[in-house]
Amino acid sequence: MKTVTYSKNVFIPLTTVCANNCTYCHFKEAVSEAKIMSMDEIQDILQKAKEAGCKEVLFTCGTKPEQVSDFKKKLQQKTGFDSWISFVIAACQEALKQGLLPHSNIGVVEKDELKELANYNASLGLMLETTADLKAHTHSPTKTFEVRRDFIAAAGELKIPFTSGLLLGIGESRQDRIASLEELKKLFQQYGHLQEVILQPVDPPSNSHLFTPKVEVLIDTLQLANEILAEDIAVQVPPNLVDLEEIPVELIDDLGGVSTLTPDYINPDHQWPKIKELKNLFPEVEFQERLPIYSQYLNQKWIRKSVWDCLQSEGWLDEYRAKRDFSKS
Ligand code: SF4
């Protein structure tokens, strides 16, 4: 029986401020209108997430918000913190205190910040998006291939279990998608840290020059991903952006984080399906919950002390070490 995994998570968008300007963005807001979450708001969501049985907290935000003028002043006023990374780390520590595992995807940060962040996260993520130099990224300095490849490599050097992926339909060609998958494979072969690769169709705003790609493009890229990526990397599609009934389920290993509490703030028009509904739709598939750190990384080579302690106190270490997270058949 085919196994498809998912993580029961809660989605916390720490701020909508971002120094980049991608043409397909739904998320970014100007500092004057933007949201910065307070620690009280975060604690409230964490508590509800724990009560609802979530295990993962996905922390996201715009890239390098501290580079946007007036952000630091607003951060200080709202949270009392002077440093953005210190605030993110404090939020991760709160999650661990509540018995939840942080997975942060907060854009490109400095290497010393990455190192510190790793101490309080079960895993981290950054989409490669593409190897191509595209118009959609003209005003997004951290979206060049070199910057993102080097960041994913830095995470590998630091032994951080990692999530990456491709964004489909942002102006890239099929050849670019092949090149992107091959780059991710190279990074995995060098460092062994890529636990999953997401294939995410873009959902551009209505005034964008971009369109969500046809399902044929996704199926083709899924086939390429299954051919190119090593057996040990899970191929993931987001079930709120993709109609799973339109694609061969044998090409999918994982659905990523599925939140029962919070919306997908990055793609606000697309709510997650309920796992119960998916089970009814696909009786031939076993949908299996996993942690934000895959079972093959559940050892002290890949996990820092505070995450290890959380895993142990929740009893998840033994439970999930005994499972194989995904199967390719
Ligand atoms: S980096 Fe993310 S949040 Fe920032 S503009 Fe691009 S898509 Fe939007």
# chains A, B, ... in the order shown; residues from 1 in each chain; ligands from 1
>>> select_by_dssp(residues="stretch 157-193 of chain A", states="helix (DSSP H, G or I)", output="PyMOL selection string")
chain A and resi 157+174-191
>>> residues_near_ligand(ligand="ligand 1", cutoff="10 Å", atoms="only C-alpha atoms and all ligand atoms", output="ChimeraX atom specification")
/A:15-29,60-65,106-108,136-137,139-143,204,266
>>> select_by_dssp(residues="stretch 4-151 of chain A", states="strand (DSSP E or B)", output="VMD selection string")
chain A and resid 4 to 15 21 36 56 to 61 101 to 105 123 to 125 129 139
>>> write_last_selection(atoms="C-alpha atoms", output="compact mmCIF listing (two decimals), in the first residue's frame")
# COMPACT_ATOMS: atom_id res chain seq x y z
CA VAL A 4 1.81 9.38 1.95
CA THR A 5 2.94 11.37 4.98
CA TYR A 6 1.92 14.73 6.41
CA SER A 7 2.71 16.81 9.46
CA LYS A 8 -0.01 18.14 11.72
CA ASN A 9 1.08 21.71 12.15
CA VAL A 10 0.12 25.25 13.00
CA PHE A 11 1.18 28.16 10.79
CA ILE A 12 2.51 31.30 12.49
CA PRO A 13 3.41 34.27 10.24
CA LEU A 14 5.69 36.32 12.50
CA THR A 15 5.73 39.38 10.27
CA ASN A 21 9.67 42.26 -4.01
CA ILE A 36 4.31 41.87 13.68
CA GLU A 56 4.91 21.13 14.33
CA VAL A 57 4.95 24.93 14.39
CA LEU A 58 5.75 26.50 11.04
CA PHE A 59 7.26 29.96 11.63
CA THR A 60 7.43 32.12 8.54
CA CYS A 61 8.02 35.80 7.73
CA LEU A 101 8.60 21.29 17.31
CA PRO A 102 9.54 24.45 15.38
CA HIS A 103 10.21 24.35 11.65
CA SER A 104 11.23 27.86 10.54
CA ASN A 105 11.22 29.06 6.98
CA SER A 123 14.31 21.37 10.81
CA LEU A 124 14.59 24.49 8.66
CA GLY A 125 13.52 25.35 5.14
CA GLU A 129 12.54 28.06 -6.30
CA HIS A 139 13.76 43.18 -7.18
>>> closest_residue(among="A:Val109, A:Leu291, A:Val307, A:Ala34", to="A:Cys54", atoms="only C-alpha atoms")
A:Leu291
>>> atom_distance(atom1="atom CA of A:Thr138", atom2="atom CA of A:Glu183")
21.4 Å
>>> atom_distance(atom1="atom CA of A:Ser180", atom2="atom CA of A:Leu168")
10.9 Å
>>> closest_residue(among="A:Lys159, A:Arg174, A:Arg148, A:Lys2", to="A:Leu126", atoms="only C-alpha atoms")
A:Arg148
>>> residues_around(residues="A:Gln296", least_positions_apart="6", cutoff="12 Å", atoms="only C-alpha atoms", output="list in words")
Pro161, Gly192, His193, Leu194, Gln195, Glu196, Asp232, Ile233, Ala234, Arg290, Trp302, Ile303, Leu317, Tyr320, Arg321, Ala322, Lys323, Arg324, Asp325 and Phe326 of chain A
>>> atom_distance(atom1="atom CA of A:Ala230", atom2="atom CA of A:Glu146")
22.2 Å
>>> closest_residue(among="A:Ile89, A:Val237, A:Met127, A:Leu199", to="A:Val258", atoms="only C-alpha atoms")
A:Val237
